[in-house]
6 protein chains.
Amino acid sequence: MSSVVTMGEIMLRLSPPLYHKIEQTNNYSSTYGGGEANVAIALSHLGRNTCFISKLPANQLGDGAIVHLRGYGVNTENIARAGENIGIYFLENGFGTRASQVIYNRKHSAITDIDESEFDFDKIFKDVEWFHISGITLALGENVRRVALIAMKKAKEHNVKVSFDFNYRSKLWSIEEAKEAMQEIMPMVDVCFGSYFDANVLLEIEPSKEYDNDEDKRMDVFNQLIDKYGVKYVFGTKRELFSANENSLWSYAYTKDAVYRTESTRFNIFDRVGGGDAFVSGVIHKLLDDYEDFKFANEFGLACSILKHTIPGDASILREKEITKFMSNLGSEIVR
Amino acid sequence: MSSVVTMGEIMLRLSPPLYHKIEQTNNYSSTYGGGEANVAIALSHLGRNTCFISKLPANQLGDGAIVHLRGYGVNTENIARAGENIGIYFLENGFGTRASQVIYNRKHSAITDIDESEFDFDKIFKDVEWFHISGITLALGENVRRVALIAMKKAKEHNVKVSFDFNYRSKLWSIEEAKEAMQEIMPMVDVCFGSYFDANVLLEIEPSKEYDNDEDKRMDVFNQLIDKYGVKYVFGTKRELFSANENSLWSYAYTKDAVYRTESTRFNIFDRVGGGDAFVSGVIHKLLDDYEDFKFANEFGLACSILKHTIPGDASILREKEITKFMSNLGSEIVR
Amino acid sequence: MSSVVTMGEIMLRLSPPLYHKIEQTNNYSSTYGGGEANVAIALSHLGRNTCFISKLPANQLGDGAIVHLRGYGVNTENIARAGENIGIYFLENGFGTRASQVIYNRKHSAITDIDESEFDFDKIFKDVEWFHISGITLALGENVRRVALIAMKKAKEHNVKVSFDFNYRSKLWSIEEAKEAMQEIMPMVDVCFGSYFDANVLLEIEPSKEYDNDEDKRMDVFNQLIDKYGVKYVFGTKRELFSANENSLWSYAYTKDAVYRTESTRFNIFDRVGGGDAFVSGVIHKLLDDYEDFKFANEFGLACSILKHTIPGDASILREKEITKFMSNLGSEIVR
Amino acid sequence: MSSVVTMGEIMLRLSPPLYHKIEQTNNYSSTYGGGEANVAIALSHLGRNTCFISKLPANQLGDGAIVHLRGYGVNTENIARAGENIGIYFLENGFGTRASQVIYNRKHSAITDIDESEFDFDKIFKDVEWFHISGITLALGENVRRVALIAMKKAKEHNVKVSFDFNYRSKLWSIEEAKEAMQEIMPMVDVCFGSYFDANVLLEIEPSKEYDNDEDKRMDVFNQLIDKYGVKYVFGTKRELFSANENSLWSYAYTKDAVYRTESTRFNIFDRVGGGDAFVSGVIHKLLDDYEDFKFANEFGLACSILKHTIPGDASILREKEITKFMSNLGSEIVR
Amino acid sequence: MSSVVTMGEIMLRLSPPLYHKIEQTNNYSSTYGGGEANVAIALSHLGRNTCFISKLPANQLGDGAIVHLRGYGVNTENIARAGENIGIYFLENGFGTRASQVIYNRKHSAITDIDESEFDFDKIFKDVEWFHISGITLALGENVRRVALIAMKKAKEHNVKVSFDFNYRSKLWSIEEAKEAMQEIMPMVDVCFGSYFDANVLLEIEPSKEYDNDEDKRMDVFNQLIDKYGVKYVFGTKRELFSANENSLWSYAYTKDAVYRTESTRFNIFDRVGGGDAFVSGVIHKLLDDYEDFKFANEFGLACSILKHTIPGDASILREKEITKFMSNLGSEIVR
Amino acid sequence: MSSVVTMGEIMLRLSPPLYHKIEQTNNYSSTYGGGEANVAIALSHLGRNTCFISKLPANQLGDGAIVHLRGYGVNTENIARAGENIGIYFLENGFGTRASQVIYNRKHSAITDIDESEFDFDKIFKDVEWFHISGITLALGENVRRVALIAMKKAKEHNVKVSFDFNYRSKLWSIEEAKEAMQEIMPMVDVCFGSYFDANVLLEIEPSKEYDNDEDKRMDVFNQLIDKYGVKYVFGTKRELFSANENSLWSYAYTKDAVYRTESTRFNIFDRVGGGDAFVSGVIHKLLDDYEDFKFANEFGLACSILKHTIPGDASILREKEITKFMSNLGSEIVR
């Protein structure tokens with residue numbers, strides 16, 4: 001039995017050493033990552049039983065991804081194995097005034113041929129508490145979209161809570177495509193992670209009047225979203241950029257007629273990727289503890305996210321005590 | 001003006017350190033390689049002006065391949081830049097009793113959308129002496145096949161010598177597909193690199209009678225090939241395997257009613273990939289010096305190939321004097 | 001349910017790069033290894049459900065060993081977590097005329113405080129088919145010896161087959177200590193892996209008469225061993241050393257009044273450690289398929305062992321098809 | 001035809017990993033660099049045809065420098081090949097409160113024996129638009145100085161614009177030597193890159209009266225410089241140091257009776273070397289677009305320089321769109 | 001003759017690359033470190049003859065520590081060689097909001113069996129000027145404590161100045177144990193490095209009245225300490241933490257009725273370990289120059305400590321001129 | 001007091017990783033080496049007190065060489081520190097059919113300005129037993145030659161045994177230059193290491209009659225050498241090359257009217273450099289034990305040399321017991 005199931009693509013991630021550019025390197029650090037896989041790994045480190053639904057080629061690269069997931073405690077029994085290419089992304093780490101860049105080599109990857117016949121969703125969702133998926137997965141083409149929809153429906157049938165992270169990527173699909181897919185799945189979503197842009201542009205929810213500040217406008221639109229789709233919570237983070245190595249973050253949690261916003265924290269970045277997924281995992285972890293305590297979930301999620309920026313690789317592999325310690329401001333002195 | 005033009009795909013090559021398996025690594029050495037690119041680089045190091053026709057995505061990975069080729073002296077002006085994926089291959093280096101393994105991640109790569117409108121072949125082949133292409137390129141799909149055929153025709157129009165290396169790869173296409181494509185291009189070929197299998201199975205040439213040894217059978221079939229397609233020479237190598245690190249090679253050169261075979265040499269292997277391409281480049285280099293002296297071309301090609309097995313990466317980057325020195329048996333004592 | 005359970009210590013293994021000596025390095029490659037852990041990993045790659053019983057400190061180094069085992073498919077739920085030190089061994093890889101050297105830093109490691117109260121052996125051995133342990137584990141001190149004995153007894157109660165690999169290490173205990181421990185556990189052993197030395201010196205079995213060759217002497221002694229302790233099979237390998245990088249191996253399987261010996265194979269070595277464990281895992285794997293077919297088990301075990309010498313790290317991570325292919329002599333040519 | 005020609009020494013650059021000191025390392029990262037080579041590479045990445053005049057030993061180290069330059073798009077046909085030593089510099093990267101240190105191993109390097117007979121300057125400068133050289137090259141001894149002077153004269157004969165970067169290095173020559181050489185070449189310079197120190201001490205231009213601020217004093221002295229030598233522009237940067245990893249920069253452009261100064265920008269540093277060369281290349285690139293628009297050239301040069309500090313190695317390999325994006329403040333968020 | 005002798009444990013230090021966690025790595029950077037060894041190395045780089053008393057196993061790991069110390073100029077003739085384990089510590093480098101973590105694997109290391117019979121203290125302390133030891137050494141068990149006490153007594157007999165750094169580590173011993181040991185050795189100490197906590201909790205000195213600020217309270221307690229134990233100076237540093245990469249430090253020096261406090265300096269951190277040892281070494285170095293000038297010793301010690309945070313490894317390997325230059329604020333511009 | 005003094009240049013040695021060529025690398029492994037330094041290090045590991053006379057620049061590269069020597073137990077007090085360049089050599093490691101190549105970047109290095117005033121030879125040679133120098137040192141120019149001669153004279157005055165290794169390098173000087181220098185120093189030599197070529201060509205000793213085999217010819221010429229110059233022994237090795245990775249060696253020792261030749265041993269090579277120096281060090285070590293037992297010295301020297309080929313870096317760092325074990329044929333099985 002897994003308490004949390006996620007579904008998506010896990011890619012091979014390749015980065016030149018430190019802050020080198022691809023033109024300069026003859027060497028890549030490798031790891032594996034992808035939004036929902038990152039959430040599964042993070043939750044596994046927070047003590048949850050997790051399972052990841054995906055598809056990988058039946059070769060050594062697929063095996064490598066399995067070793068990675070399994071090593072970090074994720075159940076990999078529901079990863080179909082077939083197809084030719086593994087999705088790959090290259091990450092040129094930015095520094096200071098130079099932004100990081102992601103180059104995708106994932107088109108036509110194995111998951112794009114996924115089929116519902118490859119999974120026994122009734123078995124997968126039996127006794128599960130939570131299912132998480134993101135907009136990136138919906139963007140991977142018709143097959144993936146269809147199977148994702150089936151998975152969400154099956155999750156609902158089994159009374160599994162469903163969370164959805166919009167995560168719109170313009171490199172993967174157009175706004176028109178995204179709109180249609182996202183509006184189709186929203187009625188099945190219990191908890192969503194998104195921004196004003198997601199609500200306004202992708203879900204086409206307009207503010208009911210003119211506002212002179214972002215906060216009120218967001219409140220209006222998120223409340224409509226909550227009403228229209230029967231969503232329990234909308235979570236999200238706001239990032240301010242000082243340089244590629246230094247950002248600040250604060251986060252919000254909206255529920256019917258209530259909102260909770262954290263303070264903003266400024267911090268150093270070693271690995272920017274997966275900051276959002278860490279937030280998602282922290283929120284889910286705490287909602288699993290207490291589904292009503294969205295405030296603590298929001299605080300905990302933000303702490304996960306901030307600390308994730310110090311961890312190499314896509315996923316947070318932090319333990320709960322490290323996060324709690326950080327939240328208590330016990331600081332950055334060497335532990336010995 | 002380039003003296004030699006080649007055409008094909010150049011891929012990013014990724015290998016785990018030393019003899020590690022992909023499951024074990026979090027690091028890859030990277031270089032770029034591909035049959036015809038390897039031939040161009042080797043010929044550039046032997047002092048020829050070379051030009052490589054290809055297509056690469058217009059991103060940093062494409063740029064990296066350009067830096068690689070240009071650094072090694074290959075003209076890259078005729079590489080079209082568009083598309084999403086760069087072809088990638090992963091190489092798990094074998095050791096001793098364990099064979100090396102290549103895992104392709106090249107399906108749907110940029111070159112598969114190549115189009116003749118992207119090249120000015122009349123300009124490319126002006127004053128060129130030699131054009132080389134291999135069966136791997138023909139295997140990359142309809143678009144590549146069509147453009148390759150056009151290129152060969154244009155080369156012939158410009159009186160450019162055309163060489164062809166069968167290099168049949170069962171992972172890329174079926175024998176049926178290969179047969180058709182290869183029989184179509186053979187009439188344009190002046191010099192080919194191939195084996196009995198290539199002549200017999202792919203070109204469907206049967207020995208005219210039964211033989212009790214391979215040599216006579218090969219002679220019969222290659223003579224038919226030479227006659228039927230108006231080919232000047234058939235070159236090839238025969239490899240014996242003692243382990244992943246130790247092989248022996250000898251090579252042959254057939255021309256109308258004549259054959260020249262080298263002795264067999266046993267040698268150590270550091271990097272097995274590109275051994276055949278090095279043979280091709282050595283043969284072409286010497287035929288460019290003297291088109292009639294197929295014996296020396298054969299000897300020189302074999303020396304290139306044997307030495308290539310000591311060079312990391314796909315391509316020979318040996319200078320002529322290193323090869324000549326090796327041929328004179330001046331040996332392996334440290335030079336200082 | 002696990003089909004195979006093993007028990008022992010897993011250590012952090014640290015090696016200077018390539019063939020450097022410890023005095024020369026400021027960098028270590030790291031992995032984790034230990035006889036029974038290696039057997040579990042190898043069997044997991046051959047498709048068996050495996051479980052490893054051990055004890056590790058409750059810190060990041062223990063976590064790292066868990067990630068390693070779990071990533072390679074071994075169930076780690078029965079690894080107790082407490083204590084201060086992880087066992088460590090340093091490996092200076094030998095080359096040619098210079099032998100490899102192992103330096104232990106394992107004294108007083110966490111497992112030496114192991115206690116039977118940390119395990120629920122009835123649950124562990126429920127529905128299990130095989131239990132494997134080695135003499136190295138018995139050498140780790142009184143606590144480990146006591147718990148090992150309990151584990152073996154519990155295994156027998158659950159009708160689990162028990163295999164034992166003598167693996168006497170003079171750096172860990174004296175012959176006197178080893179004798180006592182080994183003679184105590186032998187009655188519980190179904191299949192043992194050992195040499196003439198093990199039978200003669202450790203089990204104190206003398207040949208019944210004088211022989212002028214090793215084979216007959218071994219046959220005599222092993223037959224006595226089989227009779228005395230009710231052992232089904234005695235397996236073992238014989239190694240001949242040409243250099244640190246080149247050895248040959250053949251293996252034997254003795255059962256009541258029968259023996260099967262393989263041919264000797266000479267091969268190159270990249271990583272010598274774990275060659276014996278790979279033999280054990282291959283034998284167990286095939287005996288699990290067919291407990292009577294000791295001949296094939298012996299052949300398969302030898303193939304595993306020989307191929308393991310090409311794999312970096314302690315454990316074989318070879319798949320069955322790679323081993324079968326090697327056994328069919330399909331050779332060392334690059335696969336592409 | 002090259003649009004820009006530069007001349008100088010290219011050295012092998014060796015750095016211990018990250019922030020290690022030479023005493024601590026057994027490993028060096030290597031690249032190649034030198035002021036005018038850096039300018040050529042940067043301009044090549046901005047789309048200019050570039051050619052680099054130099055001299056390198058006819059060995060593998062010289063070949064390596066050629067591969068580097070050619071890979072990055074610089075024409076290397078006018079690099080003479082002879083001599084024994086390649087110039088080398090070691091870079092200990094500083095961190096925070098500890099400054100970076102350069103240790104030269106370049107004395108008596110191949111270029112110090114350069115001779116005008118090794119170059120056909122009429123051919124080199126045919127149809128060229130710009131020639132750039134720096135004071136470092138003049139400091140490399142009599143032979144280099146003589147050939148540099150000849151090159152500048154030839155450039156002027158061919159109506160090529162000449163730019164000069166003072167770049168006085170006290171480790172390479174005395175102020176007395178520098179004065180003489182610089183005053184000799186100044187009449188041939190169209191655009192110079194320098195500071196008040198360069199004008200005042202090296203060119204011996206005194207302010208015409210006392211000033212109570214640096215700006216006015218600089219204006220006075222630069223105006224005299226412009227008048228005396230017929231220079232069109234004087235460009236330069238002013239750096240403020242917060243730590244080895246954090247500086248700020250602003251830049252100026254003086255022309256007859258006008259000055260344009262940028263704002264100061266504070267930024268993080270990954271690789272400090274070549275910051276000045278990147279400024280030079282940005283200025284030249286924009287002056288080649290529009291020789292009158294010194295304001296934009298100054299802004300663009302500063303952006304190049306700031307971004308260069310994030311690029312490992314001596315040279316900027318940034319594309320125009322990256323620089324333009326940075327100038328539009330589009331920020332440091334990850335691009336994906 | 002050595003001018004400074006120190007005594008303690010030197011451990012192998014292993015760190016994952018950059019900011020990776022142990023779970024993620026298959027590679028460790030290695031060096032050797034330990035408080036008193038760090039002081040000896042730092043003093044050796046400041047020009048002092050130094051000798052380090054310790055015990056290491058008689059294997060390659062012990063040899064490696066010897067190579068390290070000897071290479072950095074420390075006399076290693078008084079390091080006993082016996083025992084099984086070398087002490088090891090693992091360092092996970094923190095970043096930004098994530099603190100560094102030290103994991104010890106040193107329990108039962110060779111030094112815990114140290115015996116006074118292994119050293120000729122009369123010979124060791126002949127003509128020596130200074131002996132330094134820390135509370136970490138006292139924490140290593142009864143044997144080490146006994147030998148340390150003997151060493152201190154012998155030092156006093158030879159009129160050697162004795163300095164002591166409290167350095168209480170709760171992971172190594174309890175406050176009760178520490179109290180007893182420290183109060184026993186204090187009468188032999190001339191110069192001590194400690195905090196209010198050390199004086200108040202470990203030496204059980206209570207402030208004579210209530211104070212409303214830390215400074216006065218510290219002054220009171222340190223004055224009592226000085227009186228009670230006949231100590232000449234109490235030195236110490238105060239650290240403020242902004243992140244794992246950025247701290248500030250100021251330092252103090254108390255002597256009978258006088259105190260000297262430095263300004264606080266904020267700085268970047270590359271390697272936090274050994275910051276305190278660098279302070280100690282700077283203070284000792286300057287007190288050896290002039291035992292009365294505690295002000296300059298304090299300033300110099302702080303400069304050593306701040307700069308140390310930029311040096312990889314445990315020990316400062318800075319030369320006096322680098323420290324002096326930093327103290328003169330000559331800054332962080334690249335030196336070339 | 002040192003028992004052995006050697007004199008020569010120690011260079012920074014830089015090698016691309018594994019078998020890469022310089023054109024391909026952006027990374028170098030570094031160590032330090034040079035004939036006489038290698039002999040000093042090897043002898044230090046065999047338990048001798050050693051001292052190395054040399055000159056190095058007073059910068060970090062010189063410091064690095066000092067750390068290397070001192071770490072390996074060589075006294076560095078007689079290394080003068082001044083000058084600009086450190087001698088550097090680049091080593092491209094050969095593999096199989098491809099020979100290793102050394103590229104020197106040592107011309108005009110610091111040692112070429114050595115002066116006798118920088119050394120106190122009476123102090124250096126006080127109570128010393130052996131002085132060793134090679135022809136490479138004599139080849140480094142007039143200053144080095146002059147100081148070397150003075151050193152040899154001083155050694156003789158102090159009754160120090162003098163050994164000389166011809167080691168003629170055509171890249172460093174002509175045969176004419178070498179002849180003169182070598183004939184001048186030979187009268188001071190007690191033990192020399194050389195070949196027939198050295199005796200015949202450099203010392204101009206002709207065989208007294210025609211021989212039909214090399215052995216007799218060598219005997220004749222070496223006997224003349226021994227007579228003419230009062231040399232006690234001529235030692236040497238003969239190498240047969242199978243590939244860059246596999247050679248065989250045997251060695252000889254000639255003394256007045258006697259010769260002792262070893263068997264030939266075939267072995268694998270990881271690092272070819274310093275094989276001759278290891279032979280020298282082994283011979284000297286055993287002659288220091290017993291000056292008459294040239295047979296055992298010869299055997300021991302050969303064992304050192306063969307084993308050295310397995311050690312990365314220039315110098316043997318083998319302990320006596322490892323060599324003795326190898327000589328007893330105790331083999332290459334892993335030690336654990």
# chains A, B, ... in the order shown; residues from 1 in each chain; ligands from 1
$ select_by_dssp --residues "stretch 117-266 of chain C" --states "alpha helix (DSSP H)" --output "short mmCIF file (atom, residue, chain, number, x, y, z; two decimals) with N, CA and C atoms, in the first residue's frame"
data_model
loop_
_atom_site.label_atom_id
_atom_site.label_comp_id
_atom_site.auth_asym_id
_atom_site.auth_seq_id
_atom_site.Cartn_x
_atom_site.Cartn_y
_atom_site.Cartn_z
N PHE C 121 12.51 -12.84 13.50
CA PHE C 121 12.96 -13.85 12.54
C PHE C 121 11.81 -14.69 11.99
N ASP C 122 10.78 -14.88 12.80
CA ASP C 122 9.65 -15.65 12.27
C ASP C 122 9.02 -14.94 11.09
N LYS C 123 8.90 -13.65 11.23
CA LYS C 123 8.34 -12.87 10.12
C LYS C 123 9.31 -12.85 8.94
N ILE C 124 10.59 -12.68 9.26
CA ILE C 124 11.59 -12.60 8.19
C ILE C 124 11.61 -13.86 7.33
N PHE C 125 11.53 -15.02 7.99
CA PHE C 125 11.72 -16.27 7.24
C PHE C 125 10.42 -16.88 6.72
N GLY C 135 31.29 -17.02 6.58
CA GLY C 135 32.19 -17.05 7.72
C GLY C 135 32.66 -15.68 8.15
N ILE C 136 32.65 -14.71 7.23
CA ILE C 136 33.05 -13.34 7.61
C ILE C 136 32.11 -12.82 8.68
N THR C 137 30.83 -13.07 8.51
CA THR C 137 29.85 -12.60 9.50
C THR C 137 30.11 -13.25 10.86
N LEU C 138 30.40 -14.52 10.83
CA LEU C 138 30.70 -15.20 12.11
C LEU C 138 31.94 -14.62 12.79
N GLU C 142 31.21 -11.91 19.11
CA GLU C 142 30.28 -12.76 19.80
C GLU C 142 28.81 -12.43 19.50
N ASN C 143 28.49 -11.13 19.54
CA ASN C 143 27.09 -10.76 19.31
C ASN C 143 26.62 -11.20 17.93
N VAL C 144 27.44 -10.91 16.94
CA VAL C 144 27.05 -11.25 15.57
C VAL C 144 26.93 -12.77 15.44
N ARG C 145 27.87 -13.49 16.04
CA ARG C 145 27.86 -14.94 15.97
C ARG C 145 26.57 -15.49 16.59
N ARG C 146 26.23 -14.96 17.74
CA ARG C 146 25.03 -15.46 18.43
C ARG C 146 23.77 -15.21 17.58
N VAL C 147 23.65 -14.00 17.05
CA VAL C 147 22.46 -13.68 16.26
C VAL C 147 22.45 -14.50 14.97
N ALA C 148 23.60 -14.72 14.38
CA ALA C 148 23.68 -15.53 13.16
C ALA C 148 23.18 -16.95 13.43
N LEU C 149 23.58 -17.48 14.56
CA LEU C 149 23.17 -18.83 14.91
C LEU C 149 21.65 -18.91 15.09
N ILE C 150 21.13 -17.91 15.76
CA ILE C 150 19.67 -17.85 15.94
C ILE C 150 18.98 -17.78 14.58
N ALA C 151 19.53 -16.94 13.71
CA ALA C 151 18.92 -16.79 12.38
C ALA C 151 18.93 -18.12 11.63
N MET C 152 20.06 -18.83 11.69
CA MET C 152 20.15 -20.11 10.99
C MET C 152 19.13 -21.11 11.55
N LYS C 153 19.02 -21.12 12.88
CA LYS C 153 18.06 -22.04 13.50
C LYS C 153 16.64 -21.71 13.06
N LYS C 154 16.32 -20.42 13.08
CA LYS C 154 14.99 -20.00 12.67
C LYS C 154 14.74 -20.37 11.21
N ALA C 155 15.75 -20.19 10.40
CA ALA C 155 15.61 -20.54 8.98
C ALA C 155 15.26 -22.02 8.85
N LYS C 156 16.00 -22.86 9.58
CA LYS C 156 15.73 -24.30 9.51
C LYS C 156 14.30 -24.61 9.97
N GLU C 157 13.87 -23.96 11.04
CA GLU C 157 12.51 -24.16 11.51
C GLU C 157 11.48 -23.86 10.43
N ILE C 175 42.33 -19.12 13.61
CA ILE C 175 41.81 -20.42 13.17
C ILE C 175 41.09 -21.11 14.31
N GLU C 176 41.59 -20.94 15.50
CA GLU C 176 40.93 -21.59 16.64
C GLU C 176 39.49 -21.11 16.80
N GLU C 177 39.33 -19.78 16.77
CA GLU C 177 37.98 -19.22 16.90
C GLU C 177 37.08 -19.69 15.76
N ALA C 178 37.65 -19.68 14.55
CA ALA C 178 36.86 -20.03 13.38
C ALA C 178 36.39 -21.48 13.45
N LYS C 179 37.31 -22.35 13.85
CA LYS C 179 36.98 -23.78 13.96
C LYS C 179 35.73 -24.00 14.78
N GLU C 180 35.74 -23.42 15.96
CA GLU C 180 34.65 -23.65 16.89
C GLU C 180 33.32 -23.17 16.30
N ALA C 181 33.35 -21.94 15.78
CA ALA C 181 32.12 -21.37 15.25
C ALA C 181 31.61 -22.17 14.06
N MET C 182 32.51 -22.56 13.19
CA MET C 182 32.08 -23.21 11.97
C MET C 182 31.57 -24.62 12.23
N GLN C 183 32.23 -25.31 13.12
CA GLN C 183 31.76 -26.66 13.42
C GLN C 183 30.39 -26.62 14.11
N GLU C 184 30.16 -25.52 14.82
CA GLU C 184 28.85 -25.39 15.47
C GLU C 184 27.72 -25.18 14.46
N ILE C 185 28.00 -24.41 13.44
CA ILE C 185 26.90 -24.09 12.51
C ILE C 185 26.72 -25.12 11.40
N TYR C 196 39.36 -27.17 0.17
CA TYR C 196 40.00 -28.23 0.93
C TYR C 196 40.47 -27.70 2.28
N PHE C 197 41.07 -26.51 2.27
CA PHE C 197 41.52 -25.89 3.51
C PHE C 197 40.38 -25.78 4.52
N ASP C 214 45.54 -33.74 -5.72
CA ASP C 214 44.61 -32.90 -4.96
C ASP C 214 43.16 -33.28 -5.18
N GLU C 215 42.86 -33.71 -6.38
CA GLU C 215 41.47 -34.00 -6.73
C GLU C 215 40.91 -35.11 -5.86
N ASP C 216 41.65 -36.19 -5.76
CA ASP C 216 41.18 -37.33 -4.98
C ASP C 216 41.08 -36.98 -3.50
N LYS C 217 42.08 -36.24 -3.05
CA LYS C 217 42.09 -35.83 -1.65
C LYS C 217 40.86 -34.98 -1.33
N ARG C 218 40.58 -34.07 -2.22
CA ARG C 218 39.43 -33.21 -2.04
C ARG C 218 38.14 -34.02 -2.04
N MET C 219 38.03 -34.93 -2.99
CA MET C 219 36.86 -35.80 -3.08
C MET C 219 36.62 -36.55 -1.76
N ASP C 220 37.67 -37.12 -1.25
CA ASP C 220 37.60 -37.86 0.01
C ASP C 220 37.07 -36.97 1.13
N VAL C 221 37.73 -35.83 1.28
CA VAL C 221 37.40 -34.94 2.39
C VAL C 221 36.00 -34.35 2.26
N PHE C 222 35.66 -33.96 1.05
CA PHE C 222 34.33 -33.38 0.84
C PHE C 222 33.23 -34.43 1.05
N ASN C 223 33.52 -35.65 0.67
CA ASN C 223 32.53 -36.70 0.91
C ASN C 223 32.30 -36.91 2.41
N GLN C 224 33.39 -36.88 3.15
CA GLN C 224 33.24 -36.97 4.61
C GLN C 224 32.40 -35.81 5.15
N LEU C 225 32.72 -34.62 4.63
CA LEU C 225 31.98 -33.42 5.06
C LEU C 225 30.48 -33.61 4.80
N ILE C 226 30.19 -34.02 3.57
CA ILE C 226 28.79 -34.22 3.16
C ILE C 226 28.10 -35.23 4.09
N ASP C 227 28.80 -36.31 4.38
CA ASP C 227 28.23 -37.34 5.26
C ASP C 227 28.04 -36.83 6.69
N LYS C 228 29.11 -36.24 7.19
CA LYS C 228 29.10 -35.86 8.60
C LYS C 228 28.04 -34.83 8.94
N TYR C 229 27.90 -33.83 8.03
CA TYR C 229 27.01 -32.72 8.36
C TYR C 229 25.70 -32.76 7.60
#
$ interface_residues --of "chain C" --to "chain A" --cutoff "10 Å" --atoms "only C-alpha atoms" --output "PyMOL selection string"
chain C and resi 63-74
$ atom_distance --atom1 "atom CA of E:Ile334" --atom2 "atom CA of A:Glu246"
24.3 Å
$ select_by_dssp --residues "stretch 48-231 of chain B" --states "strand (DSSP E)" --output "VMD selection string"
chain B and resid 50 to 56 74 to 75 79 to 81 88 to 92 101 to 105 130 to 134 161 to 165 191 to 193
$ residues_around --residues "D:Glu263" --least-positions-apart "6" --cutoff "12 Å" --atoms "only C-alpha atoms" --output "PyMOL selection string"
chain D and resi 237-239+248-252+298-299+302-303
$ atom_distance --atom1 "atom CA of B:Asp165" --atom2 "atom CA of B:Asn38"
12.7 Å
$ residues_around --residues "C:Leu14" --least-positions-apart "4" --cutoff "10 Å" --atoms "only C-alpha atoms" --output "list of chain:residue names"
C:Ile22, C:Asn27, C:Tyr28, C:Ser29, C:Ser30, C:Thr31, C:Tyr32, C:Ile88, C:Tyr89, C:Phe90, C:Leu91, C:Glu92, C:Val102, C:Ile103, E:Asn26, E:Asn27, E:Tyr28
$ residues_around --residues "D:Gly301" --least-positions-apart "2" --cutoff "9 Å" --atoms "only C-alpha atoms" --output "PyMOL selection string"
chain D and resi 251+278-286+296-299+303-306
$ atom_distance --atom1 "atom CA of F:Ala82" --atom2 "atom CA of F:Ala58"
5.1 Å
